[in-house]
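Trainee: Input: one structure, supplied below.
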Amino acid sequence: MVINGPSFFIGKNSPDVISFGSGQPDLPPPKEIELIIRDCSDYKYGLVQGEEWLRDALSNQYNNTKQYTNSTKDSFVITNGASEALDLTFRALSRKEKKRNVLLPKPYYYSYPFIINFSGLNPLFTELKNNRIDLIDLEKKIDDCCAILINSPSNPTGRIESIDTLKQIEELTQKKGINVISDEVYKDLIYERENYFIKGPKVITINSFSKTYSMCGDRIGYLWSNDEELIKNVIEMKTHTSMNTNIKAQKRAFLATKIPKEYIESQRQIWENRRNLIYNGLKDIGFELNNPEGAFYVLPKINNTNKIVHDLYNDYKIIVYRGEWFGANNHIRLSYALDECKINKGLDIINTYVKKNNLL
Ligand SMILES: Cc1ncc(COP(=O)(O)O)c(C=O)c1O
């Protein structure tokens with residue numbers, strides 16, 4: 001059996017497997033989003049840009065943050081998850097930008113290089129230094145790029161970028177007229193300190209209901225941009241590809257926007273407890289790793305990741321991902337989107353396995 005990427009595991013939800021693989025919250029979605037009323041219009045075609053009530057609700061949320069002012073529903077496109085928002089964004093940029101590179105901090109979410117390549121653009125990597133964006137390297141490379149992709153909190157490192165760095169990137173990209181794609185799907189999962197979300201005329205934000213509201217399967221995300229031309233382009237491409245995003249799922253997302261903030265705080269607390277459990281557990285086993293500041297991933301160091309991923313799955317029914325899939329050689333990535341009992345059981349098995357094979 002060859003396990004050649006995350007697609008081998010995605011969507012396999014077997015009860016006898018302990019999965020530290022997919023970044024899919026195990027927590028149930030909020031009960032407030034359940035739909036009871038039957039409505040035939042849910043089965044008709046909808047607005048390609050997304051239903052107005054959802055875009056209005058999002059625009060109210062945006063206007064209530066420090067990051068944005070005067071946002072309107074016209075700045076949003078509702079998509080099939082953040083994944084489609086990213087895909088449409090890069091394809092729209094590819095249509096209008098002469099420079100063909102996108103600056104991508106490495107390690108990265110495994111789909112980024114694929115999405116960028118599919119659009120006809122090329123990822124240009126900038127390696128992290130001490131688990132942070134290296135501004136010196138970034139400055140050297142940014143002139144060759146039409147855009148930079150920021151993901152804070154980050155998958156797979158769990159880091160939150162420093163506020164200073166983000167402000168400097170904001171300043172630099174505004175001065176040079178470079179697009180910033182800010183993937184904020186983990187914006188509500190922060191444990192250590194305040195995040196700062198980058199703003200500016202060429203910022204495109206990407207977001208999703210998948211993580212905060214445990215709604216991965218509903219496939220609801222969105223992009224936000226003040227660039228009318230880009231929004232027009234995105235809608236045109238979506239018209240000829242996926243058309244409207246699922247309307248029932250948009251209704252559930254709309255209901256999610258009405259859930260009080262305390263819900264998010266109570267979920268965050270659960271994730272933080274799990275973060276502490278897995279971080280301390282892996283350290284006790286002897287792994288070297290950074291303490292995640294947000295999202296729900298850890299990235300411990302270890303060699304022979306191909307063998308480890310195969311052995312753990314085939315012999316112990318444990319799923320972990322190779323760091324190589326995220327541009328992080330000699331690491332494995334574990335998602336802690338599973339309950340504490342399974343985390344403990346999984347850690348015990350990993351401990352036995354690495355000790356038996358002298359891997360650390
Ligand atoms: C950083 C990042 N962006 C985007 C996505 C895709 O999210 P969605 O389910 O909304 O398509 C993921 C999913 O794991 C992710 O980790």
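Naming works like this for the structure tokens: A, B, ... for the chains as they're shown, residue 1 at the start of each chain, ligands 1 onward in shown order.
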Kindly compile the residues surrounding ligand 1 within 9 Å, counting only C-alpha atoms and all ligand atoms, and format them as a PyMOL selection string.
Mentor: chain A and resi 22-24+79-86+108-112+151-156+183-186+206-211+215-222+295
Trainee: Using only C-alpha atoms, which residues sit within 9 Å of segment 130-135 of chain A once same-chain residues fewer than 5 positions away are excluded, as a PyMOL selection string?
Mentor: chain A and resi 105-106+140+157+159-162+165+168-169+290
Trainee: Can I get the selection written as an mmCIF file, in the first residue's frame, with C-alpha atoms?
Mentor:
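Writing done, so here's again32.cif:
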```cif
data_model
loop_
_atom_site.group_PDB
_atom_site.id
_atom_site.type_symbol
_atom_site.label_atom_id
_atom_site.label_comp_id
_atom_site.auth_asym_id
_atom_site.auth_seq_id
_atom_site.Cartn_x
_atom_site.Cartn_y
_atom_site.Cartn_z
ATOM 1 C CA PRO A 105 6.191 30.957 3.658
ATOM 2 C CA LYS A 106 7.407 27.385 4.092
ATOM 3 C CA LYS A 140 14.831 39.936 -1.146
ATOM 4 C CA THR A 157 3.126 25.032 12.409
ATOM 5 C CA ARG A 159 2.304 29.657 14.943
ATOM 6 C CA ILE A 160 0.803 33.131 15.071
ATOM 7 C CA GLU A 161 2.892 35.577 13.119
ATOM 8 C CA SER A 162 4.372 38.437 15.144
ATOM 9 C CA THR A 165 6.211 41.312 11.149
ATOM 10 C CA GLN A 168 5.990 45.429 8.225
ATOM 11 C CA ILE A 169 4.551 43.170 5.524
ATOM 12 C CA ASN A 290 7.236 24.232 19.061
#
```
Trainee: With only C-alpha atoms as the basis for distance, which of A:Gly158, A:Gly200, A:Gly11, A:Pro25 is at the shortest distance from Gln174 of chain A?
Mentor: A:Gly200
Trainee: Taking only C-alpha atoms into account, name the residue in A:Asn244, A:Ser59, A:Gln269, A:Asn357 that is nearest to Asp311 of chain A.
Mentor: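 Smallest separation from Asp311 of chain A among the options: A:Asn357.
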Trainee: At a cut-off of 10 Å, using only C-alpha atoms, what residues contact Asn122 of chain A? Leave out same-chain residues fewer than 3 positions from it and give the result as a count of residues only.
Mentor: 16
Trainee: Using only C-alpha atoms, which residues sit within 9 Å of Phe287 of chain A once same-chain residues fewer than 2 positions away are excluded, as a ChimeraX atom specification?
Mentor: /A:282-285,289,300-302,360
Trainee: Convert the current residue selection to file output with all heavy atoms, as a PDB file, in the first residue's frame.
Mentor:
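Okay, this is what ended up in again30.pdb:
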```pdb
ATOM      1  N   LEU A 282       3.882  14.891  23.731  1.00  0.00           N
ATOM      2  CA  LEU A 282       4.940  14.661  22.733  1.00  0.00           C
ATOM      3  C   LEU A 282       6.310  15.013  23.310  1.00  0.00           C
ATOM      4  O   LEU A 282       7.306  14.342  23.046  1.00  0.00           O
ATOM      5  CB  LEU A 282       4.657  15.463  21.458  1.00  0.00           C
ATOM      6  CG  LEU A 282       3.496  14.934  20.604  1.00  0.00           C
ATOM      7  CD1 LEU A 282       3.082  15.950  19.546  1.00  0.00           C
ATOM      8  CD2 LEU A 282       3.840  13.602  19.934  1.00  0.00           C
ATOM      9  N   LYS A 283       6.364  16.075  24.100  1.00  0.00           N
ATOM     10  CA  LYS A 283       7.643  16.467  24.731  1.00  0.00           C
ATOM     11  C   LYS A 283       8.115  15.353  25.669  1.00  0.00           C
ATOM     12  O   LYS A 283       9.288  14.995  25.678  1.00  0.00           O
ATOM     13  CB  LYS A 283       7.447  17.760  25.531  1.00  0.00           C
ATOM     14  CG  LYS A 283       7.602  18.984  24.686  1.00  0.00           C
ATOM     15  CD  LYS A 283       8.191  20.148  25.456  1.00  0.00           C
ATOM     16  CE  LYS A 283       9.664  20.275  25.291  1.00  0.00           C
ATOM     17  NZ  LYS A 283      10.187  20.983  24.189  1.00  0.00           N
ATOM     18  N   ASP A 284       7.163  14.789  26.442  1.00  0.00           N
ATOM     19  CA  ASP A 284       7.523  13.705  27.379  1.00  0.00           C
ATOM     20  C   ASP A 284       8.056  12.478  26.634  1.00  0.00           C
ATOM     21  O   ASP A 284       8.946  11.783  27.119  1.00  0.00           O
ATOM     22  CB  ASP A 284       6.314  13.295  28.228  1.00  0.00           C
ATOM     23  CG  ASP A 284       5.966  14.368  29.262  1.00  0.00           C
ATOM     24  OD1 ASP A 284       6.801  15.282  29.455  1.00  0.00           O
ATOM     25  OD2 ASP A 284       4.855  14.313  29.831  1.00  0.00           O
ATOM     26  N   ILE A 285       7.527  12.233  25.448  1.00  0.00           N
ATOM     27  CA  ILE A 285       8.032  11.093  24.662  1.00  0.00           C
ATOM     28  C   ILE A 285       9.469  11.369  24.207  1.00  0.00           C
ATOM     29  O   ILE A 285      10.256  10.456  24.000  1.00  0.00           O
ATOM     30  CB  ILE A 285       7.115  10.833  23.431  1.00  0.00           C
ATOM     31  CG1 ILE A 285       5.728  10.373  23.894  1.00  0.00           C
ATOM     32  CG2 ILE A 285       7.720   9.809  22.484  1.00  0.00           C
ATOM     33  CD1 ILE A 285       4.698  10.247  22.772  1.00  0.00           C
ATOM     34  N   LEU A 289       9.682  20.017  19.488  1.00  0.00           N
ATOM     35  CA  LEU A 289       8.598  20.697  18.751  1.00  0.00           C
ATOM     36  C   LEU A 289       8.320  22.067  19.348  1.00  0.00           C
ATOM     37  O   LEU A 289       8.692  22.349  20.491  1.00  0.00           O
ATOM     38  CB  LEU A 289       7.316  19.853  18.766  1.00  0.00           C
ATOM     39  CG  LEU A 289       6.471  19.787  20.033  1.00  0.00           C
ATOM     40  CD1 LEU A 289       5.073  19.279  19.676  1.00  0.00           C
ATOM     41  CD2 LEU A 289       7.052  18.867  21.068  1.00  0.00           C
ATOM     42  N   PRO A 300       6.117  17.936  15.215  1.00  0.00           N
ATOM     43  CA  PRO A 300       7.360  17.482  15.839  1.00  0.00           C
ATOM     44  C   PRO A 300       8.377  16.962  14.825  1.00  0.00           C
ATOM     45  O   PRO A 300       8.013  16.476  13.765  1.00  0.00           O
ATOM     46  CB  PRO A 300       6.882  16.349  16.756  1.00  0.00           C
ATOM     47  CG  PRO A 300       5.576  15.907  16.219  1.00  0.00           C
ATOM     48  CD  PRO A 300       4.973  17.049  15.473  1.00  0.00           C
ATOM     49  N   LYS A 301       9.650  17.071  15.244  1.00  0.00           N
ATOM     50  CA  LYS A 301      10.763  16.627  14.377  1.00  0.00           C
ATOM     51  C   LYS A 301      10.958  15.125  14.492  1.00  0.00           C
ATOM     52  O   LYS A 301      10.938  14.588  15.607  1.00  0.00           O
ATOM     53  CB  LYS A 301      12.053  17.278  14.873  1.00  0.00           C
ATOM     54  CG  LYS A 301      12.411  18.533  14.169  1.00  0.00           C
ATOM     55  CD  LYS A 301      13.843  18.901  14.500  1.00  0.00           C
ATOM     56  CE  LYS A 301      14.073  20.334  14.059  1.00  0.00           C
ATOM     57  NZ  LYS A 301      15.259  20.899  14.665  1.00  0.00           N
ATOM     58  N   ILE A 302      11.237  14.483  13.377  1.00  0.00           N
ATOM     59  CA  ILE A 302      11.628  13.063  13.396  1.00  0.00           C
ATOM     60  C   ILE A 302      12.064  12.669  11.982  1.00  0.00           C
ATOM     61  O   ILE A 302      11.531  13.207  11.007  1.00  0.00           O
ATOM     62  CB  ILE A 302      10.472  12.162  13.918  1.00  0.00           C
ATOM     63  CG1 ILE A 302      10.955  10.745  14.223  1.00  0.00           C
ATOM     64  CG2 ILE A 302       9.291  12.111  12.945  1.00  0.00           C
ATOM     65  CD1 ILE A 302      10.082   9.984  15.207  1.00  0.00           C
ATOM     66  N   LEU A 360      14.049   8.171  18.335  1.00  0.00           N
ATOM     67  CA  LEU A 360      14.361   9.522  18.864  1.00  0.00           C
ATOM     68  C   LEU A 360      15.691   9.523  19.625  1.00  0.00           C
ATOM     69  O   LEU A 360      16.077   8.510  20.175  1.00  0.00           O
ATOM     70  CB  LEU A 360      13.235  10.009  19.791  1.00  0.00           C
ATOM     71  CG  LEU A 360      11.919  10.384  19.100  1.00  0.00           C
ATOM     72  CD1 LEU A 360      10.839  10.665  20.137  1.00  0.00           C
ATOM     73  CD2 LEU A 360      12.083  11.611  18.208  1.00  0.00           C
TER      74      LEU A 360
END
```
Trainee: Could you give me the residues within segment 49-267 of chain A that DSSP places in helix (DSSP H, G or I), as a PyMOL selection string?
Mentor: chain A and resi 52-63+73-75+81-96+112-118+135-142+163-176+216-218+228-239+247-257+261-267
Trainee: Provide the atom CA of Lys202 of chain A to atom CA of Glu127 of chain A distance in Å, to one decimal place.
Mentor: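 Answer for the atom CA of Lys202 of chain A to atom CA of Glu127 of chain A separation: 23.5 Å.
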Trainee: Could you check the closest approach to Phe197 of chain A for each of A:Arg55, A:Lys167, A:Lys175, A:Arg95 and tell me which residue wins, using only C-alpha atoms?
Mentor: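 Ranking A:Arg55, A:Lys167, A:Lys175, A:Arg95 by distance to Phe197 of chain A, first place goes to A:Lys167.
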Trainee: I need the residues in segment 284-353 of chain A that are strand (DSSP E or B) according to DSSP; give them as a list in words.
Mentor: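 Answer for segment 284-353 of chain A, restricted to strand (DSSP E or B): Gly294, Tyr297, Val298, Lys301, Ile318, Ile319, Tyr321, Arg322, His331, Ile332, Arg333, Leu334 and Ser335 of chain A.
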Trainee: Could you check which of A:Arg38, A:Lys73, A:Lys187, A:Lys342 is closest to Ile278 of chain A, using only C-alpha atoms?
Mentor: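 Going through A:Arg38, A:Lys73, A:Lys187, A:Lys342 one by one, the smallest distance to Ile278 of chain A is for A:Lys342.
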Trainee: Quick one: of A:Phe254, A:Tyr316, A:Phe90, A:Phe9, who's nearest to Asn60 of chain A, counting only C-alpha atoms?
Mentor: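 Smallest separation from Asn60 of chain A among the options: A:Phe254.
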Trainee: Which neighbours of Leu334 of chain A fall inside 7 Å, counting only C-alpha atoms, when residues of the same chain fewer than 5 positions from it are skipped, and could you give them as a PDB file with all heavy atoms, in the first residue's frame?
Mentor:
```pdb
ATOM      1  N   PHE A  20      -4.751  11.453  13.737  1.00  0.00           N
ATOM      2  CA  PHE A  20      -4.133  12.758  13.955  1.00  0.00           C
ATOM      3  C   PHE A  20      -3.895  13.391  12.578  1.00  0.00           C
ATOM      4  O   PHE A  20      -3.016  14.210  12.409  1.00  0.00           O
ATOM      5  CB  PHE A  20      -2.780  12.602  14.660  1.00  0.00           C
ATOM      6  CG  PHE A  20      -2.856  12.093  16.082  1.00  0.00           C
ATOM      7  CD1 PHE A  20      -2.546  10.771  16.377  1.00  0.00           C
ATOM      8  CD2 PHE A  20      -3.234  12.937  17.113  1.00  0.00           C
ATOM      9  CE1 PHE A  20      -2.589  10.299  17.689  1.00  0.00           C
ATOM     10  CE2 PHE A  20      -3.284  12.478  18.424  1.00  0.00           C
ATOM     11  CZ  PHE A  20      -2.964  11.158  18.722  1.00  0.00           C
ATOM     12  N   GLY A  21      -4.685  12.960  11.585  1.00  0.00           N
ATOM     13  CA  GLY A  21      -4.455  13.380  10.209  1.00  0.00           C
ATOM     14  C   GLY A  21      -5.197  14.646   9.851  1.00  0.00           C
ATOM     15  O   GLY A  21      -4.725  15.757  10.085  1.00  0.00           O
ATOM     16  N   TYR A 297      -2.700  22.129  15.290  1.00  0.00           N
ATOM     17  CA  TYR A 297      -1.677  21.257  14.714  1.00  0.00           C
ATOM     18  C   TYR A 297      -0.378  21.347  15.499  1.00  0.00           C
ATOM     19  O   TYR A 297      -0.059  22.407  16.040  1.00  0.00           O
ATOM     20  CB  TYR A 297      -1.386  21.672  13.268  1.00  0.00           C
ATOM     21  CG  TYR A 297      -2.630  21.708  12.413  1.00  0.00           C
ATOM     22  CD1 TYR A 297      -3.222  22.920  12.076  1.00  0.00           C
ATOM     23  CD2 TYR A 297      -3.230  20.534  11.975  1.00  0.00           C
ATOM     24  CE1 TYR A 297      -4.380  22.961  11.307  1.00  0.00           C
ATOM     25  CE2 TYR A 297      -4.379  20.559  11.212  1.00  0.00           C
ATOM     26  CZ  TYR A 297      -4.956  21.778  10.885  1.00  0.00           C
ATOM     27  OH  TYR A 297      -6.104  21.820  10.136  1.00  0.00           O
ATOM     28  N   VAL A 298       0.360  20.215  15.500  1.00  0.00           N
ATOM     29  CA  VAL A 298       1.730  20.228  16.014  1.00  0.00           C
ATOM     30  C   VAL A 298       2.626  19.596  14.958  1.00  0.00           C
ATOM     31  O   VAL A 298       2.179  18.769  14.157  1.00  0.00           O
ATOM     32  CB  VAL A 298       1.887  19.435  17.337  1.00  0.00           C
ATOM     33  CG1 VAL A 298       1.506  20.260  18.531  1.00  0.00           C
ATOM     34  CG2 VAL A 298       1.117  18.133  17.304  1.00  0.00           C
ATOM     35  N   LEU A 299       3.886  20.003  14.996  1.00  0.00           N
ATOM     36  CA  LEU A 299       4.807  19.583  13.937  1.00  0.00           C
ATOM     37  C   LEU A 299       6.123  19.123  14.554  1.00  0.00           C
ATOM     38  O   LEU A 299       7.131  19.815  14.476  1.00  0.00           O
ATOM     39  CB  LEU A 299       5.018  20.795  13.006  1.00  0.00           C
ATOM     40  CG  LEU A 299       5.708  20.585  11.665  1.00  0.00           C
ATOM     41  CD1 LEU A 299       4.873  19.732  10.719  1.00  0.00           C
ATOM     42  CD2 LEU A 299       5.999  21.944  11.009  1.00  0.00           C
ATOM     43  N   VAL A 320      -0.958   9.721  11.051  1.00  0.00           N
ATOM     44  CA  VAL A 320      -0.235  10.998  11.161  1.00  0.00           C
ATOM     45  C   VAL A 320       0.193  11.354   9.742  1.00  0.00           C
ATOM     46  O   VAL A 320       0.259  10.492   8.865  1.00  0.00           O
ATOM     47  CB  VAL A 320       1.011  10.915  12.097  1.00  0.00           C
ATOM     48  CG1 VAL A 320       0.622  10.528  13.508  1.00  0.00           C
ATOM     49  CG2 VAL A 320       2.065   9.958  11.555  1.00  0.00           C
ATOM     50  N   TYR A 321       0.443  12.642   9.505  1.00  0.00           N
ATOM     51  CA  TYR A 321       0.829  13.082   8.158  1.00  0.00           C
ATOM     52  C   TYR A 321       2.326  13.359   8.074  1.00  0.00           C
ATOM     53  O   TYR A 321       2.935  13.820   9.049  1.00  0.00           O
ATOM     54  CB  TYR A 321       0.074  14.369   7.792  1.00  0.00           C
ATOM     55  CG  TYR A 321      -1.370  14.168   7.352  1.00  0.00           C
ATOM     56  CD1 TYR A 321      -1.975  12.915   7.326  1.00  0.00           C
ATOM     57  CD2 TYR A 321      -2.125  15.267   6.935  1.00  0.00           C
ATOM     58  CE1 TYR A 321      -3.289  12.761   6.914  1.00  0.00           C
ATOM     59  CE2 TYR A 321      -3.442  15.121   6.518  1.00  0.00           C
ATOM     60  CZ  TYR A 321      -4.025  13.855   6.510  1.00  0.00           C
ATOM     61  OH  TYR A 321      -5.322  13.711   6.097  1.00  0.00           O
TER      62      TYR A 321
END
```
